[in-house]
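Source file: structure-v6.txt; contents: compact mmCIF, C-alpha atoms.
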```txt
# COMPACT_ATOMS: atom_id res chain seq x y z
CA MET A 1 -187.16 -19.81 -43.54
CA SER A 2 -183.57 -20.60 -44.59
CA THR A 3 -181.18 -22.38 -42.26
CA LEU A 4 -179.01 -19.27 -42.25
CA THR A 5 -181.62 -17.24 -40.37
CA LEU A 6 -181.49 -19.76 -37.54
CA GLU A 7 -177.83 -19.07 -36.87
CA LYS A 8 -176.68 -16.62 -34.24
CA VAL A 9 -175.62 -13.17 -35.38
CA LYS A 10 -172.04 -13.24 -36.60
CA THR A 11 -169.76 -10.53 -35.25
CA ILE A 12 -167.26 -8.66 -37.43
CA LYS A 13 -164.47 -6.58 -35.92
CA THR A 14 -162.27 -4.08 -37.77
CA LEU A 15 -158.74 -3.16 -36.68
CA ASN A 16 -158.30 -0.34 -39.21
CA ASN A 17 -160.63 2.04 -40.99
CA ILE A 18 -162.42 -0.13 -43.56
CA ALA A 19 -164.33 1.54 -46.40
CA GLU A 20 -168.04 1.79 -45.68
CA SER A 21 -168.81 0.05 -48.96
CA GLY A 22 -167.03 -3.01 -47.60
CA LEU A 23 -168.84 -2.96 -44.26
CA ASN A 24 -172.15 -2.66 -46.10
CA VAL A 25 -171.59 -6.18 -47.42
CA PHE A 26 -172.55 -7.41 -43.94
CA GLN A 27 -176.31 -7.05 -43.56
CA ASP A 28 -178.81 -9.54 -42.08
CA GLY A 29 -177.23 -11.97 -39.68
CA PHE A 30 -174.10 -9.85 -39.14
CA ALA A 31 -173.06 -7.11 -36.75
CA ILE A 32 -170.02 -4.81 -36.79
CA ASP A 33 -168.68 -4.69 -33.23
CA ASN A 34 -165.20 -3.21 -32.82
CA ASP A 35 -165.34 -3.68 -29.03
CA SER A 36 -165.76 -7.43 -29.28
CA ASP A 37 -163.07 -9.58 -27.65
CA ASN A 38 -164.26 -12.68 -29.47
CA PRO A 39 -165.55 -11.87 -32.97
CA ASP A 40 -166.31 -14.38 -35.70
CA ALA A 41 -164.09 -12.51 -38.15
CA ILE A 42 -161.66 -9.60 -38.30
CA LEU A 43 -161.07 -7.17 -41.16
CA VAL A 44 -157.65 -5.51 -41.13
CA ARG A 45 -155.33 -3.44 -43.27
CA SER A 46 -151.91 -2.67 -41.78
CA PHE A 47 -152.59 -3.19 -38.06
CA ASN A 48 -149.90 -5.41 -36.49
CA MET A 49 -151.69 -8.51 -35.17
CA HIS A 50 -148.67 -10.50 -33.98
CA SER A 51 -149.26 -9.77 -30.30
CA ILE A 52 -153.04 -10.31 -30.33
CA GLU A 53 -154.66 -13.26 -28.54
CA PHE A 54 -157.48 -14.75 -30.58
CA GLY A 55 -160.87 -15.69 -29.14
CA ASN A 56 -162.35 -19.15 -29.56
CA ASP A 57 -165.03 -17.90 -31.96
CA LEU A 58 -162.58 -16.34 -34.43
CA LYS A 59 -162.86 -18.18 -37.72
CA ALA A 60 -161.45 -15.76 -40.29
CA ILE A 61 -159.16 -12.78 -40.79
CA ALA A 62 -159.28 -10.80 -44.02
CA ARG A 63 -156.54 -8.40 -45.05
CA ALA A 64 -157.91 -5.60 -47.25
CA GLY A 65 -154.78 -5.70 -49.38
CA ALA A 66 -152.25 -8.19 -50.66
CA GLY A 67 -149.46 -8.34 -48.07
CA VAL A 68 -150.06 -10.33 -44.88
CA ASN A 69 -146.78 -9.75 -43.01
CA ASN A 70 -148.78 -8.09 -40.21
CA ILE A 71 -150.73 -11.31 -39.53
CA PRO A 72 -149.28 -14.32 -37.64
CA LEU A 73 -149.99 -16.94 -40.29
CA ASP A 74 -148.49 -19.93 -38.47
CA LYS A 75 -150.48 -19.16 -35.34
CA CYS A 76 -153.68 -18.75 -37.37
CA THR A 77 -153.14 -22.06 -39.16
CA GLU A 78 -152.48 -23.91 -35.91
CA GLN A 79 -155.72 -22.50 -34.47
CA GLY A 80 -157.75 -23.18 -37.62
CA ILE A 81 -158.29 -19.52 -38.54
CA VAL A 82 -158.48 -18.91 -42.28
CA VAL A 83 -156.60 -15.82 -43.51
CA PHE A 84 -157.71 -14.10 -46.69
CA ASN A 85 -156.11 -11.37 -48.76
CA THR A 86 -157.35 -9.45 -51.78
CA PRO A 87 -154.98 -10.05 -54.70
CA GLY A 88 -155.66 -7.80 -57.63
CA ALA A 89 -158.08 -5.46 -55.86
CA ASN A 90 -155.47 -2.68 -55.65
CA ALA A 91 -153.52 -3.71 -58.75
CA ASN A 92 -154.59 -0.82 -60.97
CA ALA A 93 -153.76 1.77 -58.30
CA VAL A 94 -150.25 0.40 -57.85
CA LYS A 95 -149.76 0.06 -61.61
CA GLU A 96 -150.63 3.74 -62.13
CA MET A 97 -148.23 4.78 -59.35
CA VAL A 98 -145.40 2.72 -60.85
CA LEU A 99 -145.88 4.23 -64.29
CA ALA A 100 -146.34 7.77 -62.94
CA SER A 101 -143.18 7.49 -60.84
CA MET A 102 -141.16 6.05 -63.70
CA LEU A 103 -142.24 8.84 -66.04
CA ALA A 104 -141.68 11.59 -63.46
CA ALA A 105 -138.29 10.21 -62.43
CA SER A 106 -137.14 9.98 -66.04
CA ARG A 107 -137.99 13.63 -66.65
CA ASN A 108 -136.56 14.79 -63.30
CA LEU A 109 -140.01 16.14 -62.53
CA PHE A 110 -139.77 15.83 -58.75
CA ASP A 111 -136.47 17.72 -58.54
CA GLY A 112 -137.62 20.29 -61.05
CA VAL A 113 -140.83 21.10 -59.19
CA ALA A 114 -139.02 21.29 -55.84
CA TRP A 115 -136.46 23.72 -57.34
CA THR A 116 -139.15 25.88 -58.94
CA LYS A 117 -140.90 26.30 -55.59
CA THR A 118 -137.71 27.87 -54.19
CA LEU A 119 -138.10 30.75 -56.67
CA GLU A 120 -141.26 32.04 -55.01
CA VAL A 121 -139.49 35.11 -53.58
CA GLU A 122 -138.02 36.14 -56.97
CA GLY A 123 -141.18 37.85 -58.18
CA GLU A 124 -141.04 39.06 -61.79
CA GLN A 125 -137.69 37.34 -62.33
CA ILE A 126 -139.26 33.86 -62.02
CA PRO A 127 -139.90 33.28 -65.77
CA LYS A 128 -136.34 34.30 -66.68
CA LEU A 129 -134.85 32.15 -63.92
CA VAL A 130 -136.96 29.17 -64.99
CA GLU A 131 -135.70 29.42 -68.57
CA ALA A 132 -132.12 29.72 -67.39
CA GLY A 133 -132.33 26.91 -64.85
CA LYS A 134 -134.40 24.29 -66.66
CA LYS A 135 -131.37 22.78 -68.39
CA GLN A 136 -130.25 21.20 -65.10
CA PHE A 137 -133.36 19.01 -65.20
CA VAL A 138 -133.07 17.64 -68.73
CA GLY A 139 -134.37 14.07 -68.59
CA LYS A 140 -134.89 11.13 -70.87
CA GLU A 141 -137.88 9.51 -72.55
CA ILE A 142 -139.03 6.00 -71.69
CA LYS A 143 -140.12 5.17 -75.25
CA GLY A 144 -137.78 2.57 -76.72
CA LYS A 145 -136.22 1.76 -73.34
CA THR A 146 -136.42 -1.70 -71.78
CA LEU A 147 -138.46 -2.29 -68.65
CA GLY A 148 -137.72 -5.39 -66.61
CA VAL A 149 -140.69 -6.67 -64.59
CA VAL A 150 -139.82 -9.05 -61.76
CA GLY A 151 -143.00 -10.89 -60.76
CA LEU A 152 -146.05 -11.29 -62.97
CA GLY A 153 -148.85 -11.28 -60.45
CA ALA A 154 -151.87 -9.02 -60.84
CA ILE A 155 -149.78 -5.83 -60.57
CA GLY A 156 -146.75 -6.92 -62.55
CA ALA A 157 -148.86 -8.09 -65.49
CA LEU A 158 -150.75 -4.78 -65.64
CA VAL A 159 -147.47 -2.83 -65.51
CA ALA A 160 -145.98 -4.96 -68.29
CA ASN A 161 -148.95 -4.51 -70.63
CA SER A 162 -149.22 -0.77 -69.99
CA ALA A 163 -145.49 -0.24 -70.51
CA LEU A 164 -145.83 -1.84 -73.95
CA ASP A 165 -148.60 0.64 -74.73
CA LEU A 166 -146.19 3.45 -73.81
CA GLY A 167 -143.68 2.23 -76.40
CA MET A 168 -141.30 0.39 -74.11
CA ASP A 169 -139.76 -3.01 -74.67
CA VAL A 170 -140.68 -5.31 -71.78
CA ILE A 171 -138.83 -8.33 -70.43
CA ALA A 172 -140.30 -10.22 -67.48
CA PHE A 173 -139.31 -12.96 -65.07
CA ASP A 174 -141.67 -15.12 -63.04
CA PRO A 175 -141.15 -18.89 -62.73
CA PHE A 176 -144.57 -19.26 -61.06
CA ILE A 177 -146.81 -17.34 -63.48
CA SER A 178 -150.46 -18.38 -63.16
CA VAL A 179 -152.61 -19.52 -66.06
CA ASP A 180 -155.00 -16.58 -65.58
CA VAL A 181 -152.16 -14.06 -65.82
CA ALA A 182 -150.65 -15.84 -68.82
CA TRP A 183 -153.95 -15.52 -70.70
CA ASN A 184 -154.07 -11.75 -70.09
CA LEU A 185 -150.39 -11.01 -70.67
CA SER A 186 -149.44 -9.52 -74.04
CA ARG A 187 -147.51 -11.86 -76.30
CA ASN A 188 -145.05 -9.01 -76.84
CA VAL A 189 -143.71 -9.35 -73.30
CA GLN A 190 -140.37 -11.12 -73.58
CA ARG A 191 -139.81 -13.96 -71.13
CA ALA A 192 -136.52 -14.10 -69.23
CA MET A 193 -135.59 -17.71 -68.48
CA LYS A 194 -133.30 -16.52 -65.69
CA ILE A 195 -133.57 -13.36 -63.63
CA GLU A 196 -129.96 -12.50 -64.51
CA GLN A 197 -131.06 -12.11 -68.14
CA LEU A 198 -133.57 -9.46 -67.06
CA PHE A 199 -131.04 -7.66 -64.85
CA ALA A 200 -128.51 -7.49 -67.68
CA ASN A 201 -130.88 -6.04 -70.30
CA ALA A 202 -133.22 -3.67 -68.48
CA ASP A 203 -132.94 0.13 -68.36
CA TYR A 204 -135.66 0.20 -65.70
CA ILE A 205 -136.51 -2.59 -63.25
CA THR A 206 -139.77 -2.81 -61.29
CA VAL A 207 -140.28 -5.53 -58.69
CA HIS A 208 -143.63 -7.12 -57.75
CA VAL A 209 -142.92 -10.18 -55.62
CA PRO A 210 -143.78 -11.06 -52.00
CA LEU A 211 -141.17 -10.92 -49.27
CA THR A 212 -139.87 -14.45 -48.62
CA ALA A 213 -136.61 -16.00 -47.53
CA ASP A 214 -135.71 -16.30 -51.22
CA THR A 215 -136.58 -12.73 -52.20
CA LYS A 216 -135.23 -10.86 -49.16
CA ALA A 217 -132.39 -8.52 -50.23
CA MET A 218 -132.60 -9.84 -53.79
CA PHE A 219 -131.30 -6.43 -54.91
CA ASN A 220 -127.76 -6.42 -53.61
CA GLN A 221 -124.13 -5.84 -54.58
CA GLU A 222 -124.01 -9.03 -56.64
CA THR A 223 -127.18 -8.37 -58.61
CA PHE A 224 -126.33 -4.68 -59.08
CA GLY A 225 -123.10 -5.87 -60.72
CA ILE A 226 -125.12 -7.61 -63.46
CA MET A 227 -127.19 -4.53 -64.28
CA LYS A 228 -126.64 -1.74 -66.77
CA GLN A 229 -125.02 1.49 -65.66
CA ASP A 230 -127.61 4.13 -64.61
CA VAL A 231 -130.44 1.60 -64.21
CA TYR A 232 -133.58 2.91 -62.50
CA ILE A 233 -135.11 0.59 -59.86
CA LEU A 234 -138.71 0.87 -58.69
CA ASN A 235 -139.81 -0.91 -55.52
CA PHE A 236 -143.52 -0.83 -54.70
CA SER A 237 -143.58 -4.28 -53.11
CA ARG A 238 -141.52 -4.46 -49.89
CA GLY A 239 -138.59 -2.42 -48.62
CA GLU A 240 -136.78 -5.55 -47.44
CA LEU A 241 -136.34 -6.76 -51.01
CA VAL A 242 -133.40 -4.34 -51.21
CA ASN A 243 -130.12 -4.48 -49.31
CA GLU A 244 -130.03 -0.79 -48.41
CA ALA A 245 -126.31 -0.61 -47.65
CA ASP A 246 -125.56 -2.02 -51.11
CA MET A 247 -128.15 0.27 -52.69
CA GLU A 248 -126.48 3.32 -51.14
CA LEU A 249 -123.13 2.33 -52.68
CA ALA A 250 -124.75 1.61 -56.06
CA LEU A 251 -126.38 5.06 -56.06
CA GLU A 252 -123.10 6.72 -55.10
CA SER A 253 -121.25 5.02 -57.96
CA GLY A 254 -123.97 5.71 -60.52
CA LYS A 255 -124.61 2.02 -61.18
CA VAL A 256 -128.17 2.72 -60.05
CA GLY A 257 -129.28 6.04 -61.46
CA LYS A 258 -132.38 6.39 -59.28
CA TYR A 259 -134.14 4.34 -56.66
CA ILE A 260 -137.89 4.93 -56.45
CA THR A 261 -139.38 3.27 -53.38
CA ASP A 262 -142.71 3.28 -51.59
CA PHE A 263 -140.98 2.36 -48.32
CA PRO A 264 -138.92 5.30 -47.04
CA ASN A 265 -136.95 5.07 -43.82
CA GLU A 266 -134.00 6.90 -42.28
CA ALA A 267 -131.45 5.06 -44.42
CA VAL A 268 -133.36 5.67 -47.66
CA LEU A 269 -133.83 9.38 -46.96
CA LYS A 270 -130.06 9.81 -46.57
CA MET A 271 -129.27 8.24 -49.95
CA LYS A 272 -128.63 10.35 -53.04
CA ASN A 273 -130.88 10.04 -56.10
CA THR A 274 -133.75 8.42 -54.25
CA ILE A 275 -137.41 9.20 -54.74
CA PRO A 276 -139.08 8.26 -51.43
CA VAL A 277 -142.83 7.87 -51.92
CA PRO A 278 -144.83 7.91 -48.66
CA HIS A 279 -146.40 4.48 -49.16
CA LEU A 280 -148.95 5.71 -51.68
CA GLY A 281 -148.96 2.73 -54.04
CA ALA A 282 -152.48 1.54 -53.24
CA SER A 283 -153.69 4.76 -51.62
CA THR A 284 -156.66 5.64 -53.77
CA ALA A 285 -160.30 5.81 -52.80
CA GLU A 286 -161.09 3.27 -55.51
CA SER A 287 -158.44 0.83 -54.31
CA GLU A 288 -159.50 1.02 -50.68
CA GLU A 289 -163.11 0.37 -51.67
CA ASN A 290 -162.19 -2.52 -53.96
CA CYS A 291 -160.07 -4.17 -51.24
CA ALA A 292 -162.69 -3.67 -48.55
CA ILE A 293 -165.52 -5.08 -50.67
CA MET A 294 -163.45 -8.06 -51.80
CA ALA A 295 -162.29 -8.86 -48.25
CA ALA A 296 -165.81 -8.56 -46.86
CA ARG A 297 -167.35 -10.74 -49.55
CA GLN A 298 -164.77 -13.48 -48.98
CA VAL A 299 -165.41 -13.45 -45.23
CA LYS A 300 -169.19 -13.43 -45.67
CA GLU A 301 -169.03 -16.34 -48.12
CA PHE A 302 -166.84 -18.35 -45.77
CA LEU A 303 -168.94 -17.74 -42.67
CA GLU A 304 -172.19 -18.53 -44.48
CA THR A 305 -171.13 -21.43 -46.70
CA GLY A 306 -167.62 -22.53 -45.72
CA ASN A 307 -166.32 -21.80 -49.21
CA ILE A 308 -162.76 -20.43 -49.35
CA LYS A 309 -161.25 -18.20 -52.04
CA ASN A 310 -157.97 -16.28 -51.86
CA SER A 311 -156.72 -17.78 -48.62
CA VAL A 312 -153.01 -17.56 -47.86
CA ASN A 313 -152.94 -20.39 -45.31
CA PHE A 314 -155.91 -22.68 -46.10
CA PRO A 315 -156.47 -24.52 -49.38
CA ASN A 316 -159.02 -22.83 -51.62
CA ALA A 317 -162.18 -24.93 -51.77
CA SER A 318 -165.67 -24.38 -53.14
CA LEU A 319 -168.87 -26.42 -53.12
CA PRO A 320 -172.16 -24.99 -54.47
CA TYR A 321 -174.32 -24.09 -51.49
CA VAL A 322 -177.91 -25.32 -51.89
CA GLY A 323 -179.14 -24.74 -48.35
CA LYS A 324 -178.40 -28.20 -46.97
CA ARG A 325 -176.63 -28.63 -43.68
CA ARG A 326 -172.88 -28.65 -44.23
CA VAL A 327 -169.95 -29.91 -42.19
CA ALA A 328 -166.69 -27.96 -42.66
CA ALA A 329 -163.53 -29.33 -41.07
CA PHE A 330 -159.92 -28.16 -41.12
CA HIS A 331 -157.53 -30.96 -40.27
CA LYS A 332 -154.09 -32.49 -40.62
CA ASN A 333 -153.35 -33.80 -44.09
CA VAL A 334 -152.99 -37.45 -43.05
CA PRO A 335 -154.64 -40.70 -44.25
CA ASN A 336 -158.20 -41.64 -43.29
CA MET A 337 -159.30 -38.19 -42.10
CA VAL A 338 -162.16 -37.99 -44.60
CA GLY A 339 -163.17 -41.55 -43.76
CA GLN A 340 -163.38 -40.77 -40.06
CA ILE A 341 -165.43 -37.62 -40.69
CA THR A 342 -167.89 -39.45 -42.93
CA SER A 343 -168.16 -42.27 -40.39
CA ALA A 344 -169.06 -39.74 -37.70
CA ILE A 345 -171.79 -38.34 -39.95
CA SER A 346 -173.08 -41.82 -40.80
CA SER A 347 -173.30 -42.71 -37.10
CA TYR A 348 -176.24 -40.29 -36.90
CA ASP A 349 -178.01 -42.04 -39.83
CA LEU A 350 -177.24 -39.11 -42.10
CA ASN A 351 -176.57 -39.44 -45.84
CA ILE A 352 -173.94 -37.47 -47.73
CA ALA A 353 -175.14 -35.42 -50.71
CA ASP A 354 -171.85 -33.91 -51.88
CA MET A 355 -168.35 -33.23 -50.64
CA VAL A 356 -165.01 -31.63 -51.46
CA ASN A 357 -161.56 -32.15 -49.98
CA ARG A 358 -158.54 -29.97 -50.69
CA SER A 359 -155.07 -30.03 -49.20
CA ARG A 360 -152.28 -27.51 -48.73
CA GLY A 361 -149.03 -28.77 -47.30
CA ASP A 362 -149.53 -30.35 -43.89
CA TYR A 363 -153.22 -29.42 -43.69
CA ALA A 364 -156.45 -30.11 -45.57
CA TYR A 365 -159.99 -28.77 -45.65
CA THR A 366 -163.11 -30.88 -46.10
CA MET A 367 -166.72 -29.82 -46.71
CA ILE A 368 -169.54 -32.34 -46.69
CA ASP A 369 -173.21 -31.63 -47.47
CA ILE A 370 -175.80 -33.71 -45.62
CA ASP A 371 -178.74 -34.96 -47.68
CA ASN A 372 -181.24 -35.38 -44.85
CA GLU A 373 -183.35 -32.83 -43.05
CA VAL A 374 -181.31 -32.45 -39.87
CA ASN A 375 -182.74 -31.89 -36.41
CA GLY A 376 -180.81 -28.92 -35.08
CA ASP A 377 -180.54 -30.58 -31.70
CA ILE A 378 -178.02 -33.13 -32.98
CA LEU A 379 -175.68 -30.59 -34.58
CA PRO A 380 -173.70 -29.74 -31.41
CA SER A 381 -173.27 -33.47 -30.75
CA LEU A 382 -172.12 -34.09 -34.33
CA GLU A 383 -169.67 -31.17 -34.19
CA ASN A 384 -168.25 -32.41 -30.91
CA LYS A 385 -167.85 -35.96 -32.25
CA ILE A 386 -165.91 -34.70 -35.28
CA LYS A 387 -163.73 -32.47 -33.10
CA GLN A 388 -162.73 -35.51 -31.07
CA ILE A 389 -161.09 -37.11 -34.12
CA ALA A 390 -157.30 -36.99 -33.81
CA GLY A 391 -155.93 -34.51 -36.35
CA ILE A 392 -159.01 -32.26 -36.47
CA VAL A 393 -158.07 -28.60 -35.89
CA THR A 394 -161.54 -27.04 -36.20
CA ALA A 395 -164.98 -28.21 -37.29
CA ARG A 396 -168.37 -26.56 -37.60
CA THR A 397 -171.80 -27.21 -39.06
CA ILE A 398 -173.40 -24.65 -41.35
```

Go ahead and express the file in the form of structure tokens.
Amino acid sequence: MSTLTLEKVKTIKTLNNIAESGLNVFQDGFAIDNDSDNPDAILVRSFNMHSIEFGNDLKAIARAGAGVNNIPLDKCTEQGIVVFNTPGANANAVKEMVLASMLAASRNLFDGVAWTKTLEVEGEQIPKLVEAGKKQFVGKEIKGKTLGVVGLGAIGALVANSALDLGMDVIAFDPFISVDVAWNLSRNVQRAMKIEQLFANADYITVHVPLTADTKAMFNQETFGIMKQDVYILNFSRGELVNEADMELALESGKVGKYITDFPNEAVLKMKNTIPVPHLGASTAESEENCAIMAARQVKEFLETGNIKNSVNFPNASLPYVGKRRVAAFHKNVPNMVGQITSAISSYDLNIADMVNRSRGDYAYTMIDIDNEVNGDILPSLENKIKQIAGIVTARTI
């Protein structure tokens, strides 16, 4: 019998509808209990968690999506709760929406369809009226135009490559591009050394960056002034990336030809030449399943082995799990923490088989495998001894 079967059943709570395929990841040793006040882990999509009090058993929160603005990250870190997201799981869905919106906006498709629907009462005159009225919706082709991609994460890279396939020239800006993305990015994507270079040369601009202090209102009067006349801007990342008062003026003047956004509000709906999409970027059955499965697998792996992948507040850390007892500790990133943890283990005459230590800012995460067969009776005592070390936030034995 494996050591895992000796553990108590782990409780999973959901705060939004999570695809059944994701919940099915949790089988033996797990239970879905949405009435629990103290679950081991929470799966969430857009539910606002900032006012929630967390139980002592909560070890992980997984966002079935990329953005984590609805989760109190600082509070989670202080309490030793790892927060996961699912980067890339919804990337194809958002990419398709960006391209579809850009194509439809360029051909005035949305306005044209809305106008055509008003002709319903005209009966047999509809074909003649369509032929006479279609000239007001003459658009432009995207082939040969320049697309500026701000942010080359999973979504931005897919958009850039697909735009090349559609015959566009692509210029991109991302000072923090990852090695994995760089390997998959077409060599025909031009690199902008400064974002101003992208703004000055793009006919269309699509933004795929997180909302931070540096990116908030990055589209504003000053940056609009650098751009071409009649530039189209697509925002499927965060509404707050745009200064809406400045955007309204830019649309009025024609500096911005159209603003396509997945984040409509009262101000956006009052602006001319906007295409307000009702937050559909990642709203596909495939995307929801991909995010749910990815989130669930990351939580399951963490609860069973302590391994962390795609955390937004803990360092990522992995150690092959071979069934030995494992100590996992989250602690302040200060000298001698690992030494104190290993000393606590040694005080029980236990040998260390393997270990990993990773840091992220002010905090670090350590996993240590114990070589001996361990009497389960000593585990609570060992956990408690490690928790008494100054600087330890959380510790558990697996």

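Between A:Ile42 and the candidates A:Ala292, A:Met218, A:Ala282, A:Val121, the tightest atom-to-atom separation, counting all atoms listed in the file, involves A:Ala292.
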
Margin query: Just want the 9 Å neighbourhood of stretch 342-349 of chain A, counted on all atoms listed in the file, with same-chain residues fewer than 4 positions away dropped. Output as a list of chain:residue names.
Written below: A:Val327, A:Met337, A:Val338, A:Ile368, A:Ile370, A:Asn372, A:Ile378, A:Leu382, A:Lys385, A:Ile386

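Proximity ranking of A:Ala62, A:Val268, A:Ala295, A:Val68 relative to A:Gly22 places A:Ala295 first, based on only C-alpha atoms.
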
Note to self: For A:Pro87, find every residue with an atom within 12 Å (counting only C-alpha atoms), except residues of its own chain fewer than 4 positions away, and show them as a VMD selection string.
What the structure shows: chain A and resid 62 to 68 91 to 92 94 153 to 156 210 282 287 290 to 292 294 to 295 298 309 to 312

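Counting all atoms listed in the file, the residue from A:Val189, A:Ala217, A:Ile195, A:Ile81 that sits nearest to A:Ala329 is A:Ile81.
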
Check: So which residues touch A:Asp203 within 12 Å, counting all atoms listed in the file, skipping near sequence neighbours fewer than 2 positions away, as a ChimeraX atom specification?
Finding: /A:102,106,140-149,168-171,198-201,205-206,227-234,255-258

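Reported to one decimal place, the separation of atom CA of A:Gly139 from atom CA of A:Thr116 is 16.0 Å.
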
Checklist line | atom CA of A:Ala364 to atom CA of A:Val334, straight-line distance in Å | finding: 8.5 Å

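Atom pair atom CA of A:Ala41 / atom CA of A:Asn316: separated by 17.7 Å.
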
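The residue set within 7 Å of A:Ile12, counting all atoms listed in the file and dropping same-chain residues fewer than 2 places from it, reads Lys10, Thr14, Ala31, Ile32, Asp33, Pro39, Asp40, Ala41 and Ile42 of chain A.
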